[in-house]
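**Q** Sharing run-v1.tsv below, TSV, C-alpha atoms:
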chain	number	residue	atom	x	y	z
G	1	MET	CA	35.78	33.61	142.47
G	2	SER	CA	37.54	30.79	144.28
G	3	LEU	CA	40.33	33.01	145.55
G	4	HIS	CA	37.89	34.61	148.00
G	5	LEU	CA	37.00	31.31	149.67
G	6	PRO	CA	38.38	30.78	153.20
G	7	SER	CA	39.40	27.15	152.74
G	8	ASP	CA	43.12	26.36	153.01
G	9	GLU	CA	42.74	23.97	150.10
G	10	VAL	CA	41.56	26.55	147.57
G	11	PHE	CA	43.40	26.14	144.28
G	12	LEU	CA	43.72	29.12	141.96
G	13	THR	CA	43.85	29.04	138.19
G	14	THR	CA	46.57	30.90	136.33
G	15	GLU	CA	44.09	33.67	135.49
G	16	GLU	CA	43.15	34.06	139.15
G	17	VAL	CA	46.81	34.26	140.17
G	18	LEU	CA	47.39	36.99	137.58
G	19	GLU	CA	44.63	39.01	139.23
G	20	TYR	CA	45.70	38.13	142.76
G	21	LEU	CA	49.37	39.08	142.30
G	22	GLN	CA	48.69	41.93	139.86
G	23	VAL	CA	51.37	40.80	137.42
G	24	ASN	CA	51.33	39.62	133.81
G	25	LEU	CA	51.41	36.07	132.45
G	26	ARG	CA	55.09	36.20	131.49
G	27	THR	CA	55.98	37.20	135.04
G	28	VAL	CA	54.01	34.30	136.53
G	29	TYR	CA	55.76	31.79	134.23
G	30	ARG	CA	59.15	33.25	135.14
G	31	LEU	CA	58.36	32.90	138.84
G	32	ILE	CA	57.19	29.30	138.36
G	33	LYS	CA	60.27	28.37	136.32
G	34	ALA	CA	62.59	29.89	138.92
G	35	GLY	CA	60.79	28.06	141.73
G	36	LYS	CA	59.82	31.38	143.28
G	37	ILE	CA	56.14	30.56	143.64
G	38	PRO	CA	54.71	27.11	144.40
G	39	ALA	CA	52.60	25.56	141.64
G	40	VAL	CA	51.37	22.14	140.59
G	41	ARG	CA	50.83	20.90	137.04
G	42	VAL	CA	47.36	19.55	136.32
G	43	GLY	CA	47.29	18.24	132.76
G	44	ARG	CA	48.44	21.14	130.61
G	45	GLN	CA	47.57	23.81	133.14
G	46	TRP	CA	49.02	25.14	136.38
G	47	ARG	CA	47.16	25.27	139.66
G	48	PHE	CA	48.22	27.25	142.71
G	49	ARG	CA	47.24	26.50	146.30
G	50	LYS	CA	46.15	29.81	147.80
G	51	ARG	CA	47.70	29.21	151.22
G	52	ASP	CA	51.07	28.57	149.53
G	53	ILE	CA	50.76	31.78	147.51
G	54	ASP	CA	49.81	33.73	150.65
G	55	ALA	CA	52.80	32.32	152.54
G	56	TRP	CA	55.11	33.24	149.67
G	57	LEU	CA	53.64	36.75	149.50
G	58	GLU	CA	54.17	37.24	153.23
G	59	THR	CA	57.81	36.17	152.89
G	60	GLN	CA	58.37	38.70	150.10
G	61	ARG	CA	56.62	41.51	151.98
G	62	SER	CA	58.82	40.86	155.02
G	63	ARG	CA	61.80	41.51	152.72
G	64	GLY	CA	60.16	44.64	151.36
G	65	MET	CA	59.65	43.14	147.90
G	66	THR	CA	56.61	42.93	145.61
G	67	PRO	CA	55.95	40.11	143.12
G	68	ALA	CA	56.86	42.46	140.25
G	69	VAL	CA	60.26	43.25	141.79
G	70	VAL	CA	60.92	39.56	142.49
G	71	ALA	CA	60.15	38.76	138.86
G	72	ALA	CA	62.36	41.57	137.57
G	73	VAL	CA	65.24	40.35	139.70
G	74	ASP	CA	64.68	36.79	138.48
G	75	THR	CA	65.38	37.86	134.90
G	76	VAL	CA	68.90	38.64	136.11
G	77	VAL	CA	69.44	35.83	138.60
G	78	GLY	CA	68.34	33.33	135.94
G	79	ARG	CA	71.43	34.10	133.86
G	80	HIS	CA	74.13	31.49	133.29
G	81	GLU	CA	76.51	33.49	135.50
G	82	ARG	CA	76.04	35.60	138.59
G	83	PRO	CA	75.91	39.30	137.69
G	84	ARG	CA	79.05	41.09	138.92
G	85	VAL	CA	78.40	44.56	140.30
G	86	LEU	CA	80.93	47.23	141.25
G	87	VAL	CA	79.69	49.70	143.88
G	88	VAL	CA	81.61	52.98	144.19
G	89	ASP	CA	80.90	55.31	147.11
G	90	ASP	CA	83.09	57.16	149.58
G	91	GLU	CA	80.68	56.32	152.43
G	92	ALA	CA	81.37	52.88	153.90
G	93	SER	CA	77.77	52.64	155.18
G	94	ILE	CA	76.37	53.06	151.65
G	95	ARG	CA	78.79	50.49	150.22
G	96	GLU	CA	77.79	48.02	152.93
G	97	LEU	CA	74.07	48.67	152.46
G	98	LEU	CA	74.23	48.13	148.71
G	99	SER	CA	76.41	45.05	149.07
G	100	LYS	CA	74.01	43.42	151.53
G	101	THR	CA	70.98	44.39	149.43
G	102	LEU	CA	72.37	42.98	146.18
G	103	ALA	CA	73.59	39.85	147.96
G	104	LEU	CA	69.94	39.07	148.80
G	105	VAL	CA	69.45	38.01	145.19
G	106	ASP	CA	72.86	36.39	144.70
G	107	TYR	CA	74.70	39.19	142.90
G	108	HIS	CA	78.49	39.09	143.18
G	109	VAL	CA	79.41	42.52	144.59
G	110	ASP	CA	82.75	44.29	144.70
G	111	THR	CA	83.21	47.75	146.20
G	112	ALA	CA	85.52	50.72	145.80
G	113	PRO	CA	85.81	53.80	148.06
G	114	ASP	CA	86.73	56.19	145.24
G	115	GLY	CA	86.96	56.67	141.48
G	116	PRO	CA	90.64	55.76	140.94
G	117	THR	CA	90.19	52.47	142.82
G	118	ALA	CA	87.09	51.69	140.74
G	119	LEU	CA	88.98	52.32	137.51
G	120	ASP	CA	91.77	50.00	138.66
G	121	ARG	CA	89.20	47.27	139.34
G	122	LEU	CA	87.60	47.77	135.92
G	123	ARG	CA	90.97	47.61	134.17
G	124	GLY	CA	92.06	44.58	136.18
G	125	SER	CA	91.84	40.98	135.09
G	126	ALA	CA	89.66	39.80	137.98
G	127	GLY	CA	86.70	39.46	135.65
G	128	THR	CA	84.13	41.47	133.75
G	129	PHE	CA	81.65	43.61	135.64
G	130	HIS	CA	78.07	43.65	134.41
G	131	LEU	CA	76.94	46.77	136.29
G	132	LEU	CA	78.45	49.86	137.91
G	133	ILE	CA	76.71	51.74	140.73
G	134	ALA	CA	78.46	55.02	141.59
G	135	ASP	CA	77.84	58.04	143.78
G	136	LEU	CA	77.91	61.38	141.98
G	137	LYS	CA	79.45	63.35	144.82
G	138	MET	CA	82.78	61.94	145.98
G	139	PRO	CA	85.97	63.70	147.08
G	140	GLY	CA	88.72	63.78	144.49
G	141	MET	CA	87.27	62.22	141.35
G	142	ASP	CA	83.54	62.89	141.23
G	143	GLY	CA	80.95	60.61	139.71
G	144	LEU	CA	80.71	62.40	136.36
G	145	THR	CA	84.46	62.21	135.80
G	146	LEU	CA	84.37	58.55	136.76
G	147	ILE	CA	81.57	57.84	134.29
G	148	ARG	CA	83.44	59.51	131.44
G	149	GLN	CA	86.56	57.45	132.14
G	150	VAL	CA	84.60	54.23	132.61
G	151	ARG	CA	83.09	54.74	129.15
G	152	GLN	CA	86.61	54.73	127.70
G	153	ILE	CA	87.27	51.34	129.33
G	154	ASN	CA	83.87	49.76	128.74
G	155	ALA	CA	81.44	51.71	126.58
G	156	ASP	CA	78.57	49.28	127.14
G	157	ILE	CA	78.52	48.68	130.90
G	158	PRO	CA	75.21	49.82	132.46
G	159	ILE	CA	75.69	52.52	135.10
G	160	ILE	CA	73.39	53.51	137.95
G	161	ILE	CA	74.15	56.76	139.74
G	162	ILE	CA	73.48	57.61	143.38
G	163	THR	CA	72.37	61.15	144.03
G	164	GLY	CA	70.88	63.25	146.81
G	165	PHE	CA	68.47	65.00	144.45
G	166	SER	CA	67.12	63.75	141.13
G	167	THR	CA	66.91	67.32	139.80
G	168	GLU	CA	70.47	68.44	140.47
G	169	SER	CA	72.40	69.43	137.36
G	170	SER	CA	75.02	66.71	137.78
G	171	ALA	CA	72.29	64.04	137.82
G	172	ILE	CA	70.79	65.47	134.64
G	173	GLU	CA	74.22	65.54	133.01
G	174	ALA	CA	74.79	61.93	134.04
G	175	VAL	CA	71.53	60.92	132.37
G	176	ASN	CA	72.77	62.68	129.23
G	177	LEU	CA	75.91	60.51	129.44
G	178	GLY	CA	73.71	57.46	129.03
G	179	VAL	CA	73.34	56.08	132.55
G	180	ALA	CA	70.82	53.29	132.98
G	181	GLY	CA	69.14	54.83	136.01
G	182	TYR	CA	69.61	56.59	139.31
G	183	LEU	CA	68.94	56.05	142.99
G	184	THR	CA	67.93	59.03	145.11
G	185	LYS	CA	69.00	58.93	148.76
G	186	PRO	CA	67.57	57.60	150.95
G	187	PHE	CA	66.72	54.48	148.95
G	188	ARG	CA	65.06	51.22	149.95
G	189	VAL	CA	65.73	47.57	149.11
G	190	PRO	CA	63.02	47.21	146.41
G	191	GLN	CA	64.25	50.37	144.64
G	192	VAL	CA	67.83	49.09	144.50
G	193	LEU	CA	66.85	45.62	143.24
G	194	ALA	CA	64.40	46.96	140.67
G	195	ALA	CA	66.95	49.49	139.36
G	196	ALA	CA	69.64	46.82	139.08
G	197	ALA	CA	67.34	44.34	137.34
G	198	LYS	CA	66.15	47.00	134.89
G	199	ALA	CA	69.72	48.13	134.11
G	200	LEU	CA	70.94	44.60	133.50
G	201	GLY	CA	67.98	43.77	131.31
G	202	PRO	CA	66.42	40.37	130.54
G	203	SER	CA	68.46	37.21	130.77
G	204	PRO	CA	69.72	35.69	127.52
G	205	ALA	CA	67.47	33.14	125.86
Would you kindly transcribe this structure into structure tokens?

**A**
Amino acid sequence: MSLHLPSDEVFLTTEEVLEYLQVNLRTVYRLIKAGKIPAVRVGRQWRFRKRDIDAWLETQRSRGMTPAVVAAVDTVVGRHERPRVLVVDDEASIRELLSKTLALVDYHVDTAPDGPTALDRLRGSAGTFHLLIADLKMPGMDGLTLIRQVRQINADIPIIIITGFSTESSAIEAVNLGVAGYLTKPFRVPQVLAAAAKALGPSPA
């Protein structure tokens, strides 16, 4: 196949790119539309210069992201408005890490150090949040109590929980409360972005 040739001017077909990136056709079209991967139109078909694809792949790997994660994130970033995320954690380092991670893909992030502050933000008129990310173990109001009260304010907002152990009873109870997913400490950039993209779901047509 042409993708194995050493020449810098090798052009891949769409089928070859599917195999090379290990993603499906819909994902490739999303990445093209978003300008994430370089492509040229030849008649009714797309062609991809292999050196451009390799350079793009290297850029994503340096950020710790795979093509599948990039595509999942693009379904959110492609929305008409920037997703607004509220991060709730009593540890400043975790709030900062999540804020910087989500900012990589242009999310608008607000933070709260505890449950009561988060509830005030959700009740406020600053705008609607599209996603809540909350730690389960916090002093004062814990994550489960926060989730129950959040559901009274906004029954539909997707919630991702942060936990030290995926098997702890509080995490299981949170799943029963209908959370969209959970992050187990320590987490990495791709895990955070993939969880957020999955929770927010596909962009509107």

**Q** Nearest to Ile162 in chain G: which of G:Arg95, G:Lys50, G:Arg82, G:Lys100 is it, counting all atoms listed in the file?

**A**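 Residue with the minimum atom-to-atom distance to Ile162 in chain G: G:Arg95.
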
**Q** Measure the distance from CA of Glu9 in chain G to CA of Ala39 in chain G in Å and round it to one decimal.

**A**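 Atom-to-atom, CA of Glu9 in chain G to CA of Ala39 in chain G, that is 13.1 Å.
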
**Q** Just how far from CA of Leu86 in chain G is CA of Phe129 in chain G, in Å to one decimal?

**A**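 Atom-to-atom, CA of Phe129 in chain G and CA of Leu86 in chain G are spaced 6.7 Å apart.
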
**Q** Mind listing whatever residues come within 10 Å of the point (58.2, 32.7, 143.6)? Use only C-alpha atoms, file coordinates, and give them as a PyMOL selection string.

**A** chain G and resi 27-39+53+56-57+59-60+67+70-71+74

**Q** Of the residues G:Ile159, G:Leu98, G:Leu200, G:Val88, which is the one nearest to Phe187 in chain G, using all atoms listed in the file?

**A**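 Ranking G:Ile159, G:Leu98, G:Leu200, G:Val88 by distance to Phe187 in chain G, first place goes to G:Leu98.
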
**Q** For the atom pair CA of Arg51 in chain G and CA of Val10 in chain G, what is the interatomic distance in Å to one decimal place?

**A**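 Those two atoms sit 7.6 Å apart.
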
**Q** How would you write as an MDAnalysis selection string the residues that get within 9 Å of (84.8, 62.4, 155.7) in the file's frame, counting all atoms listed in the file?

**A** chainID G and resid 90:91 139

**Q** Need the shell around range 175-178 of chain G: protein/DNA/RNA residues with any atom at most 9 Å away, counting only C-alpha atoms. Skip same-chain ones fewer than 2 positions apart. Format as a ChimeraX atom specification?

**A** /G:144,147-148,158-159,161,170-173,180-182

**Q** Neighbouring residues of Ala195 in chain G were defined as those with any atom within 8 Å, considering all atoms listed in the file; residues of the same chain fewer than 3 positions away were excluded. Please report them as a ChimeraX atom specification.

**A** /G:160,181-183,191-192,198-199

**Q** Select, from G:Arg44, G:Arg49, G:Arg188, G:Arg84, the residue with the minimum atom-to-atom distance to Phe11 in chain G, counting only C-alpha atoms.

**A**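 Of the candidates, the smallest distance to Phe11 in chain G is held by G:Arg49.
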
**Q** For Leu12 in chain G, which residue among G:Glu96, G:Asp89, G:Asp54, G:Asp110 is the nearest when counting all atoms listed in the file?

**A**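 Under the stated criterion, the closest residue is G:Asp54.
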
**Q** Which of these, G:Val105, G:Gly140, G:Trp46, G:Val17, has the shortest distance to Thr117 in chain G once you count all atoms listed in the file?

**A**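 Answer, going by the shortest atom-to-atom distance: G:Gly140.
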